[in-house]
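First comes the structure, then the notes that go with it.
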There are 4 protein chains.
Amino acid sequence: MNNPLHGRQLAPDGPQLAAAYDAVRHQTRRLCTPLRAEDHVVQSAPETSPTKWHLAHTTWFFENFLLTPLLQGYRVFHPRFGFLFNSYYESVGEFFPRPQRGLLTRPTVEEIGEYRQYVDHHMRALLDQCDGVNGAEIGARTTLGLHHEQQHQELLLTDIKHLFACNPLKPAYRNPPATDATAAIPMQWLQLDAGMRELGHDGGGFGFDNETPRHRRYVDACSLGSRLVTNAEYLEFIDAGGYRQPTLWLSEGWRKANDAGWTAPLYWEDRDGEWWQMTLAGCRPVNPQEPVCHVSYYEADAFARWAGKRLPTEFEWEVAARDLAVQGNLLESGHLHPRSARAGESQFFGDVWEWTQSAYSPYPGYRPPEGALGEYNGKFMVSQLVLRGGSCVTPSSHIRASYRNFFYPQDRWQFMGIRLAQ
Amino acid sequence: MNNPLHGRQLAPDGPQLAAAYDAVRHQTRRLCTPLRAEDHVVQSAPETSPTKWHLAHTTWFFENFLLTPLLQGYRVFHPRFGFLFNSYYESVGEFFPRPQRGLLTRPTVEEIGEYRQYVDHHMRALLDQCDGVNGAEIGARTTLGLHHEQQHQELLLTDIKHLFACNPLKPAYRNPPATDATAAIPMQWLQLDAGMRELGHDGGGFGFDNETPRHRRYVDACSLGSRLVTNAEYLEFIDAGGYRQPTLWLSEGWRKANDAGWTAPLYWEDRDGEWWQMTLAGCRPVNPQEPVCHVSYYEADAFARWAGKRLPTEFEWEVAARDLAVQGNLLESGHLHPRSARAGESQFFGDVWEWTQSAYSPYPGYRPPEGALGEYNGKFMVSQLVLRGGSCVTPSSHIRASYRNFFYPQDRWQFMGIRLAQ
Amino acid sequence: MNNPLHGRQLAPDGPQLAAAYDAVRHQTRRLCTPLRAEDHVVQSAPETSPTKWHLAHTTWFFENFLLTPLLQGYRVFHPRFGFLFNSYYESVGEFFPRPQRGLLTRPTVEEIGEYRQYVDHHMRALLDQCDGVNGAEIGARTTLGLHHEQQHQELLLTDIKHLFACNPLKPAYRNPPATDATAAIPMQWLQLDAGMRELGHDGGGFGFDNETPRHRRYVDACSLGSRLVTNAEYLEFIDAGGYRQPTLWLSEGWRKANDAGWTAPLYWEDRDGEWWQMTLAGCRPVNPQEPVCHVSYYEADAFARWAGKRLPTEFEWEVAARDLAVQGNLLESGHLHPRSARAGESQFFGDVWEWTQSAYSPYPGYRPPEGALGEYNGKFMVSQLVLRGGSCVTPSSHIRASYRNFFYPQDRWQFMGIRLAQ
Amino acid sequence: MNNPLHGRQLAPDGPQLAAAYDAVRHQTRRLCTPLRAEDHVVQSAPETSPTKWHLAHTTWFFENFLLTPLLQGYRVFHPRFGFLFNSYYESVGEFFPRPQRGLLTRPTVEEIGEYRQYVDHHMRALLDQCDGVNGAEIGARTTLGLHHEQQHQELLLTDIKHLFACNPLKPAYRNPPATDATAAIPMQWLQLDAGMRELGHDGGGFGFDNETPRHRRYVDACSLGSRLVTNAEYLEFIDAGGYRQPTLWLSEGWRKANDAGWTAPLYWEDRDGEWWQMTLAGCRPVNPQEPVCHVSYYEADAFARWAGKRLPTEFEWEVAARDLAVQGNLLESGHLHPRSARAGESQFFGDVWEWTQSAYSPYPGYRPPEGALGEYNGKFMVSQLVLRGGSCVTPSSHIRASYRNFFYPQDRWQFMGIRLAQ
């Protein structure tokens with residue numbers, strides 16, 4: 001089988017991998033601690049999933065791609081879970097329609113917990129065999145499964161935020177943090193020279209197939225903003241009538257904004273002339289110093305045009321970021337919300353995913369892995385745009401400069417924001 | 001205030017009413033015993049509601065129409081619950097959109113339980129004042145609230161059935177009953193003479209406003225089937241190609257059946273050539289002796305045309321039923337499913353609601369009550385059809401011969417079936 | 001074959017029928033005189049049809065139900081016209097989907113004209129045989145075909161009005177009439193006694209199957225308005241906030257009015273504070289003295305509730321109208337628009353179809369004719385409401401007191417208005 | 001004003017431009033010769049336009065961008081035509097909603113003809129001033145207007161084809177051609193070396209803004225098919241179950257194909273086991289030697305994956321085509337349908353637009369022109385894909401190697417086909 005994991009240098013010994021497995025799996029459960037059973041069930045939009053589904057689907061991934069094929073004598077936990085918790089792997093068989101995931105009140109949260117324990121138990125047995133004949137394959141697939149679960153950790157939080165925002169009671173997932181009055185640093189421009197570049201995953205550590213192959217690309221000279229666009233800057237756009245001026249918008253974006261009645265980012269509401277926004281700590285006034293968040297590509301693009309700038313390409317972004325350390329306001333910081341840029345921070349990693357103007361397309365020479373795992377990334381390579389850099393709910397061990405996230409231009413429920421280019 | 005309760009003869013003493021209050025409220029909670037927290041949350045169709053919502057809305061009814069106006073010093077349990085749990089009373093204020101009821105994971109089931117206890121506690125205090133100056137009003141509104149809650153007991157069960165039927169695991173609400181091999185009695189025809197009739201609620205006991213006023217109506221001679229149409233009879237219609245023969249159908253029904261792909265009643269599925277149906281005891285083979293159930297008006301009408309008969313009018317039905325005792329397979333029987341007609345049973349009450357060909361219109365001289373309680377029945381008097389007789393999930397103290405239930409012709413998720421006329 | 005024509009007393013001699021045939025067919029063509037070829041093609045809403053389609057469908061009716069079965073040696077004009085111009089007769093075979101009628105640029109208007117001439121030519125030959133063995137059948141079906149064509153004459157005009165109203169140029173179908181400043185007569189109340197009545201078609205002259213059988217019905221005492229509701233009266237309702245007051249509306253109507261953004265009758269527009277309305281003579285200021293027109297059932301019902309009245313039942317209406325002469329502002333008057341009530345006019349016939357609160361249901365003992373012609377009226381007997389009396393575009397020889405027209409409660413594009421009852 | 005026309009070398013003398021003007025305008029009218037008045041009116045899909053609208057919109061372009069601003073004393077032909085026939089220029093003012101273009105039966109075809117004559121008359125007067133102070137601007141805008149009109153000549157034909165295909169009579173726009181039995185030449189592979197390229201419009205002759213600026217780009221080595229994919233090759237894909245195999249498809253494409261029920265290219269129908277296709281000469285059997293046509297991007301991509309190949313990028317395509325002469329089966333050939341590849345033909349120009357895997361994005365350093373003409377191309381740069389090479393209905397003077405056409409991945413009604421790469 002062709003291998004979906006490129007250039008990773010996994011420790012060959014089982015214990016290290018088992019520790020990683022335990023850590024990631026434990027982290028997922030920990031994220032559910034503030035939730036009640038009721039919160040696990042509901043799907044508040046077709047593009048979101050219930051918490052319970054995230055818990056089960058990530059578990060099914062290990063069961064289906066590791067335990068069933070590679071652990072001798074393994075018996076699946078439940079014969080219908082494959083149907084219920086397969087996300088979209090056509091080659092694995094039929095699956096339950098995505099928009100109906102919120103109808104499944106059974107299995108209960110408790111039963112899903114038992115499923116996780118059952119699979120964890122057997123995964124530990126499998127990882128003990130990591131030095132055996134299938135050791136490399138076990139290692140590779142387990143590593144993929146853990147990165148897959150980290151993706152769902154992020155989605156679990158963005159989906160809960162969406163659900164709680166639909167509730168007039170505006171429940172909080174976490175306690176409100178202390179007020180942060182730090183002013184964002186002034187915007188400057190980072191100059192990039194023109195030149196031929198080697199881009200894509202360099203083979204060190206884990207990477208997804210869509211970051212490969214590493215390839216040559218000519219990148220023109222440009223400048224990128226030294227930090228993210230702030231709420232204060234975005235409010236200027238709003239106050240200048242940005243949402244009412246069609247010539248600032250892509251044609252498709254103008255139509256969408258009008259059909260949906262957009263007048264501000266997602267989760268903003270006007271309370272007697274003051275903008276408030278829903279956060280994972282409940283509803284609170286918009287802090288002008290923080291990066292603007294929950295904007296669509298259309299809004300990011302219109303803002304950039306209004307500002308006389310543009311959005312970067314994903315290649316410009318990667319050139320600018322690839323020599324930086326992966327640090328910033330990521331999941332581990334515990335803020336769960338973007339934060340104003342401090343002195344010395346460029347915000348390339350964490351805070352918000354940054355829209356690029358690059359369509360999500362295959363790199364030259366790209367080939368998806370063979371088999372079901374090949375359905376992972378390639379089949380989405382149309383109509384979406386690349387975002388870079390991770391957000392305040394991305395695990396830090398999950399992000400890197402070559403990482404390509406992708407969403408539709410109208411999507412807003414992820415932590416998505418704006419870096420300018422010119 | 002004009003009074004929505006007509007002709008009821010409530011015991012004027014508080015204790016009897018308080019006992020009725022406790023019994024009905026307790027029954028609602030008892031119906032939830034088989035459910036897990038997760039089951040209370042989800043709305044599986046726009047016309048259904050989550051269990052939790054039924055629990056809270058019926059409670060809000062007492063809080064809003066009794067405690068707030070009539071119990072001195074009463075403080076509402078939560079300031080936003082009025083917004084969340086008002087169903088459709090425009091005159092009471094804004095309310096949460098019906099199709100989004102399933103998004104409310106909070107308040108939790110436990111919190112709704114506390115809400116119910118809080119309201120029950122204060123209702124007992126209010127009922128102690130039943131002999132006071134507002135005694136008649138308290139009695140009337142409490143009685144209305146209890147009948148309202150009984151309606152929601154039925155809906156709670158039909159909505160849970162719909163939810164569970166959406167789940168590929170086909171969970172059971174109750175344990176499967178012993179197999180019932182009793183053959184339905186043969187169909188005979190009950191003759192009704194033509195004549196001038198007094199129809200509508202006669203003023204004895206409780207009645208809804210839409211059953212009034214009692215009025216004169218000329219009813220032609222006709223015959224009604226002596227029992228409900230069975231699955232066996234309906235299977236003949238299916239096997240004869242009834243679902244593929246447009247001339248049997250109302251034009252609108254033919255379009256609906258085709259758009260929705262109907263080939264059998266709701267909840268039926270073809271398993272390798274055998275028809276199974278979802279029940280509150282899980283999925284099981286269709287029993288040909290039982291009354292057919294979960295058919296739309298369009299299907300009932302097409303079946304009748306195929307059989308060379310027609311559906312009765314609501315007036316014919318009432319003439320036939322009004323001298324019968326209210327007994328049959330109702331909620332208290334515990335079957336929660338229609339049952340084959342035994343010797344001596346005419347099935348006018350219980351088993352399934354019976355579609356009539358009568359549009360749901362006001363009786364001559366009908367006036368809705370004044371005030372918010374007047375929004376109860378009258379504002380739905382267009383585009384729906386009357387059903388009569390109650391079903392296997394209707395509380396027996398809730399049904400009577402003059403009772404007018406109403407649904408849209410395409411509705412199928414209630415326990416709805418067919419009695420023929422000619 | 002059972003006969004769809006009840007009680008008509010057609011002159012048995014062919015010549016008289018042939019003259020009627022020529023007159024009706026000629027009238028249809030005459031109505032198209034003001035139209036350009038382009039105007040004949042377009043379908044501006046799913047419920048309307050292109051002029052060309054009306055011209056061809058009425059012709060197909062004669063071809064399919066008379067020439068093909070009854071004229072020896074007849075060859076159809078075009079083998080595909082049956083498919084294209086069958087409206088909804090399932091028993092005749094497949095037909096072209098209604099919402100796509102506007103896609104048929106071919107056959108051209110000229111070709112449809114040739115089709116009409118071809119069929120007219122053969123119909124004259126058939127009518128010459130009216131005294132033969134099939135004479136009665138030919139007479140009956142021809143009479144039905146002519147009434148059918150008169151229905152389409154009315155639809156042709158209402159559909160053209162809808163089309164022209166969609167055009168920002170607001171083209172006029174006819175020349176603007178002289179201003180009519182006649183004030184409507186004051187409203188009075190016509191008293192009807194309670195009593196047992198014989199209702200439905202009495203067997204004299206032509207009637208549709210849905211007017212039969214004549215049957216006994218008890219009608220309570222009531223009063224009906226002595227004329228139609230005027231624009232002036234309806235403007236009071238608008239100015240009093242009628243469109244913003246939910247308790248005035250049926251629940252379904254309130255939702256529809258809000259979803260569709262209704263703030264006035266169809267074809268009304270606010271030009272700098274003055275109401276204008278589209279008419280067949282172009283756009284012009286609303287004349288307060290004229291009957292209000294192009295309102296839905298929901299609006300008619302809400303207006304009546306606001307006025308402290310109600311809409312009549314179709315039975316009350318028939319009792320009041322059946323002894324009146326059929327005269328009024330009908331198609332032949334040439335106004336093509338409702339007109340203010342003159343002294344002595346009760347407006348029961350003509351001006352606007354009058355919404356009743358009666359659902360369109362079968363009369364007791366109703367049976368549709370056998371065969372394809374039986375698909376004429378019965379299969380629409382659900383979800384619609386009865387309107388009575390004809391409009392300013394109804395041919396006078398087409399209307400009578402027992403005539404039952406029927407539309408959906410949200411329909412507004414016919415000439416529909418309001419008579420009050422109490 | 002910034003100028004939307006890049007690098008064109010227009011003859012500075014008016015007469016030459018006037019001749020071009022006359023030729024293009026005359027060609028548009030000539031294309032309408034086979035059409036009847038009725039054919040000009042209807043819009044058969046939201047993305048198509050009525051012929052009449054194309055005739056008027058292209059005329060409005062000259063009126064609005066040339067005559068009104070640049071011809072002294074010019075009076076617009078009709079005050080509302082700006083509203084009716086502006087396509088999407090937000091900066092010019094409000095415009096009539098695109099999906100309703102087919103409702104405008106007025107102005108008639110004849111009146112549109114008068115509009116064209118009126119504008120032509122004044123354009124000739126303006127072009128006489130081409131050597132004056134605004135000469136360069138007049139020349140530039142006129143040239144743009146002519147290329148704009150040529151785009152609409154192509155759309156006029158593809159839209160008429162769509163309209164006629166909706167008609168069960170399958171009318172022909174032109175006479176059927178003689179049968180072409182020529183076999184397509186065998187497929188070979190054209191090798192392209194890797195290297196740094198200068199791509200985009202080179203400044204010679206007319207080009208659209210979206211072809212600029214010319215810029216450097218590194219293009220990897222690849223091979224392109226020596227001719228287009230044929231119907232025979234595509235039939236193999238169909239027969240191999242290509243439309244039923246999800247792993248061949250992009251996820252979005254699989255959903256679309258299933259929702260829409262695609263089993264073959266647009267305009268194909270299975271007549272008793274034989275594939276027929278609608279053409280501008282009516283319906284006829286699919287010729288296996290001709291290039292496959294009317295496929296979406298999803299189908300082109302799935303076919304390529306099935307064949308073990310891929311689609312080219314627009315850059316690979318441009319490198320391969322830029323040194324070829326612009327010749328092939330274009331509008332002037334009169335075939336109006338793709339033709340089998342003859343010896344020596346590579347089919348880069350004409351026959352069908354070729355899907356590339358390149359998203360339609362701005363070139364590095366792209367800036368749209370200022371003013372309303374800047375709304376021409378840039379505002380569509382999201383969610384669409386680039387197609388290259390022109391089709392059998394593209395005027396030959398309109399196409400070139402750097403030309404970037406763009407459509408949504410689900411679009412099929414243009415003449416769109418497949419060239420493979422590897």
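Residue numbering restarts at 1 in every chain; chains get A, B, ... in the order shown in the structure tokens, and ligands count up from 1 in that same order.
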Next on the checklist: Quick check: residues of chain D within 8 Å of chain C, only C-alpha atoms, returned as a VMD selection string.
Outcome noted: chain D and resid 36 to 44 80 102 to 106 108 to 109 163 166 to 167 169 171
Output N, CA, C and O atoms of each residue in that selection to a file, as a PDB file, in the first residue's frame.
```
ATOM      1  N   ARG D  36     -37.267  32.598 -34.950  1.00  0.00           N
ATOM      2  CA  ARG D  36     -38.563  33.252 -34.991  1.00  0.00           C
ATOM      3  C   ARG D  36     -38.669  34.226 -33.813  1.00  0.00           C
ATOM      4  O   ARG D  36     -37.943  34.094 -32.826  1.00  0.00           O
ATOM      5  N   ALA D  37     -39.591  35.155 -33.902  1.00  0.00           N
ATOM      6  CA  ALA D  37     -39.755  36.118 -32.797  1.00  0.00           C
ATOM      7  C   ALA D  37     -39.869  35.405 -31.459  1.00  0.00           C
ATOM      8  O   ALA D  37     -39.261  35.800 -30.456  1.00  0.00           O
ATOM      9  N   GLU D  38     -40.640  34.319 -31.425  1.00  0.00           N
ATOM     10  CA  GLU D  38     -40.852  33.589 -30.171  1.00  0.00           C
ATOM     11  C   GLU D  38     -39.535  33.088 -29.571  1.00  0.00           C
ATOM     12  O   GLU D  38     -39.372  33.033 -28.349  1.00  0.00           O
ATOM     13  N   ASP D  39     -38.607  32.669 -30.417  1.00  0.00           N
ATOM     14  CA  ASP D  39     -37.356  32.097 -29.938  1.00  0.00           C
ATOM     15  C   ASP D  39     -36.482  33.126 -29.216  1.00  0.00           C
ATOM     16  O   ASP D  39     -35.580  32.770 -28.463  1.00  0.00           O
ATOM     17  N   HIS D  40     -36.729  34.400 -29.497  1.00  0.00           N
ATOM     18  CA  HIS D  40     -35.873  35.451 -28.931  1.00  0.00           C
ATOM     19  C   HIS D  40     -36.164  35.759 -27.466  1.00  0.00           C
ATOM     20  O   HIS D  40     -35.411  36.492 -26.847  1.00  0.00           O
ATOM     21  N   VAL D  41     -37.240  35.239 -26.932  1.00  0.00           N
ATOM     22  CA  VAL D  41     -37.777  35.775 -25.686  1.00  0.00           C
ATOM     23  C   VAL D  41     -37.418  34.970 -24.445  1.00  0.00           C
ATOM     24  O   VAL D  41     -37.262  35.508 -23.355  1.00  0.00           O
ATOM     25  N   VAL D  42     -37.301  33.670 -24.604  1.00  0.00           N
ATOM     26  CA  VAL D  42     -37.323  32.781 -23.436  1.00  0.00           C
ATOM     27  C   VAL D  42     -35.924  32.544 -22.858  1.00  0.00           C
ATOM     28  O   VAL D  42     -34.941  32.450 -23.591  1.00  0.00           O
ATOM     29  N   GLN D  43     -35.875  32.444 -21.542  1.00  0.00           N
ATOM     30  CA  GLN D  43     -34.655  32.098 -20.816  1.00  0.00           C
ATOM     31  C   GLN D  43     -34.858  30.701 -20.235  1.00  0.00           C
ATOM     32  O   GLN D  43     -35.695  30.510 -19.360  1.00  0.00           O
ATOM     33  N   SER D  44     -34.088  29.749 -20.709  1.00  0.00           N
ATOM     34  CA  SER D  44     -34.373  28.362 -20.310  1.00  0.00           C
ATOM     35  C   SER D  44     -33.599  27.896 -19.084  1.00  0.00           C
ATOM     36  O   SER D  44     -33.813  26.787 -18.614  1.00  0.00           O
ATOM     37  N   ARG D  80     -35.458  53.509 -19.704  1.00  0.00           N
ATOM     38  CA  ARG D  80     -35.422  52.324 -18.837  1.00  0.00           C
ATOM     39  C   ARG D  80     -34.509  51.226 -19.365  1.00  0.00           C
ATOM     40  O   ARG D  80     -34.324  50.208 -18.700  1.00  0.00           O
ATOM     41  N   GLY D 102     -36.110  36.443 -18.828  1.00  0.00           N
ATOM     42  CA  GLY D 102     -37.045  35.808 -19.748  1.00  0.00           C
ATOM     43  C   GLY D 102     -38.477  36.276 -19.577  1.00  0.00           C
ATOM     44  O   GLY D 102     -39.370  35.827 -20.284  1.00  0.00           O
ATOM     45  N   LEU D 103     -38.730  37.178 -18.644  1.00  0.00           N
ATOM     46  CA  LEU D 103     -40.100  37.682 -18.453  1.00  0.00           C
ATOM     47  C   LEU D 103     -40.412  38.876 -19.345  1.00  0.00           C
ATOM     48  O   LEU D 103     -41.558  39.289 -19.439  1.00  0.00           O
ATOM     49  N   LEU D 104     -39.382  39.411 -19.971  1.00  0.00           N
ATOM     50  CA  LEU D 104     -39.558  40.677 -20.694  1.00  0.00           C
ATOM     51  C   LEU D 104     -40.031  40.430 -22.118  1.00  0.00           C
ATOM     52  O   LEU D 104     -39.234  40.384 -23.050  1.00  0.00           O
ATOM     53  N   THR D 105     -41.341  40.300 -22.302  1.00  0.00           N
ATOM     54  CA  THR D 105     -41.829  40.130 -23.678  1.00  0.00           C
ATOM     55  C   THR D 105     -41.759  41.461 -24.427  1.00  0.00           C
ATOM     56  O   THR D 105     -41.697  41.475 -25.645  1.00  0.00           O
ATOM     57  N   ARG D 106     -41.765  42.546 -23.690  1.00  0.00           N
ATOM     58  CA  ARG D 106     -41.533  43.872 -24.274  1.00  0.00           C
ATOM     59  C   ARG D 106     -40.241  44.424 -23.707  1.00  0.00           C
ATOM     60  O   ARG D 106     -39.986  44.217 -22.521  1.00  0.00           O
ATOM     61  N   THR D 108     -40.269  44.465 -27.846  1.00  0.00           N
ATOM     62  CA  THR D 108     -40.328  43.368 -28.806  1.00  0.00           C
ATOM     63  C   THR D 108     -39.015  43.255 -29.576  1.00  0.00           C
ATOM     64  O   THR D 108     -38.151  44.133 -29.521  1.00  0.00           O
ATOM     65  N   VAL D 109     -38.901  42.175 -30.312  1.00  0.00           N
ATOM     66  CA  VAL D 109     -37.717  41.976 -31.157  1.00  0.00           C
ATOM     67  C   VAL D 109     -37.585  43.152 -32.124  1.00  0.00           C
ATOM     68  O   VAL D 109     -36.474  43.664 -32.352  1.00  0.00           O
ATOM     69  N   LEU D 163     -32.131  26.134 -25.082  1.00  0.00           N
ATOM     70  CA  LEU D 163     -33.571  26.339 -25.194  1.00  0.00           C
ATOM     71  C   LEU D 163     -34.210  25.285 -26.086  1.00  0.00           C
ATOM     72  O   LEU D 163     -35.221  24.664 -25.727  1.00  0.00           O
ATOM     73  N   CYS D 166     -34.601  21.873 -24.599  1.00  0.00           N
ATOM     74  CA  CYS D 166     -35.695  21.708 -23.632  1.00  0.00           C
ATOM     75  C   CYS D 166     -37.011  21.370 -24.308  1.00  0.00           C
ATOM     76  O   CYS D 166     -37.965  20.969 -23.650  1.00  0.00           O
ATOM     77  N   ASN D 167     -37.089  21.580 -25.580  1.00  0.00           N
ATOM     78  CA  ASN D 167     -38.342  21.419 -26.321  1.00  0.00           C
ATOM     79  C   ASN D 167     -38.445  19.992 -26.854  1.00  0.00           C
ATOM     80  O   ASN D 167     -37.564  19.545 -27.579  1.00  0.00           O
ATOM     81  N   LEU D 169     -39.945  18.883 -29.189  1.00  0.00           N
ATOM     82  CA  LEU D 169     -39.916  18.843 -30.653  1.00  0.00           C
ATOM     83  C   LEU D 169     -38.497  18.913 -31.195  1.00  0.00           C
ATOM     84  O   LEU D 169     -38.281  18.718 -32.391  1.00  0.00           O
ATOM     85  N   PRO D 171     -36.297  21.377 -32.007  1.00  0.00           N
ATOM     86  CA  PRO D 171     -36.133  22.164 -33.229  1.00  0.00           C
ATOM     87  C   PRO D 171     -34.659  22.313 -33.595  1.00  0.00           C
ATOM     88  O   PRO D 171     -33.784  22.263 -32.745  1.00  0.00           O
TER      89      PRO D 171
END
```
At a cut-off of 12 Å, can you tabulate as CSV every residue of segment 300-334 of chain C near segment 287-294 of chain C together with its closest atom pair and the distance in Å to one decimal, using only C-alpha atoms and ordering rows by chain then number?
```
residue,atom,partner,partner_atom,distance
C:Ala300,CA,C:Val292,CA,9.8
C:Phe303,CA,C:Val292,CA,11.1
C:Asn329,CA,C:Pro291,CA,11.6
```
Next on the checklist: Which of segment 20-216 of chain B end up as strand (DSSP E or B) when DSSP is run on this backbone - answer as an MDAnalysis selection string?
Outcome noted: chainID B and resid 189:192 195:199 215:216
For the residues in that selection, give me C-alpha atoms as a compact mmCIF listing (two decimals), in the first residue's frame.
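What landed in again-v5.txt:
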```
# COMPACT_ATOMS: atom_id res chain seq x y z
CA TRP B 189 -71.58 -1.61 7.59
CA LEU B 190 -73.28 0.54 10.16
CA GLN B 191 -76.32 2.29 8.68
CA LEU B 192 -77.09 5.88 9.61
CA GLY B 195 -81.88 13.65 9.43
CA MET B 196 -81.36 16.92 11.16
CA ARG B 197 -78.81 16.60 13.95
CA GLU B 198 -77.52 18.65 16.82
CA LEU B 199 -73.75 18.42 16.59
CA HIS B 215 -75.51 23.62 16.11
CA ARG B 216 -78.04 22.06 13.77
```
Using only C-alpha atoms, which residues sit within 8 Å of Asn405 of chain D once same-chain residues fewer than 6 positions away are excluded, as a PDB file with C-alpha atoms, in the first residue's frame?
```
ATOM      1  CA  VAL D 386     -10.188  28.314 -16.454  1.00  0.00           C
ATOM      2  CA  LEU D 387     -11.002  26.919 -19.878  1.00  0.00           C
ATOM      3  CA  ARG D 388      -8.834  27.523 -22.883  1.00  0.00           C
TER       4      ARG D 388
END
```
Checklist entry - DSSP on the backbone: what in segment 267-349 of chain C comes out alpha helix (DSSP H), as a PyMOL selection string? => result chain C and resi 297-306+314-321
Item to check | Distance criterion (only C-alpha atoms): nearest to Phe62 of chain C out of C:Pro99, C:Pro79, C:Gly145, C:Pro46 | outcome: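 Among the listed residues, C:Gly145 lies closest to Phe62 of chain C.
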Item to check | Selection: 12 Å around Lys256 of chain C, only C-alpha atoms, excl. self and same-chain fewer than 3 positions, as a ChimeraX atom specification | outcome: /C:243,246,249-253,259-263,296-299,409-411
Next on the checklist: Give me the residues near Ser346 of chain A as a PyMOL selection string, where near means some atom within 12 Å (using only C-alpha atoms) and where sequence neighbours in that chain fewer than 4 positions away do not count.
Outcome noted: chain A and resi 184-190+224-229+291+320-321+324-329+339-342+350-351+389+419
Item to check | Polymer residues at most 7 Å from segment 381-384 of chain C, only C-alpha atoms, same-chain spacing of 3 or more positions, as a ChimeraX atom specification | outcome: /B:383 /C:359-362,378,406-409
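Distance-wise, atom CA of Leu235 of chain C and atom CA of Leu331 of chain C end up 26.6 Å apart.
Ranking D:Asn86, D:Asn64, D:Gln27, D:Gln422 by their shortest atom-to-atom distance to Leu311 of chain D, with only C-alpha atoms included, puts D:Gln422 first.
Interatomic distance, atom CA of Glu236 of chain A to atom CA of Ala304 of chain A: 12.2 Å.
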Next on the checklist: From the options B:Glu114, B:Asp131, B:Asp270, B:Glu332, which residue's atoms come nearest to Thr394 of chain B, counting only C-alpha atoms?
Outcome noted: B:Glu332
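If you look at atom CA of Pro364 of chain A and atom CA of Pro213 of chain A, they are 7.3 Å away from each other.
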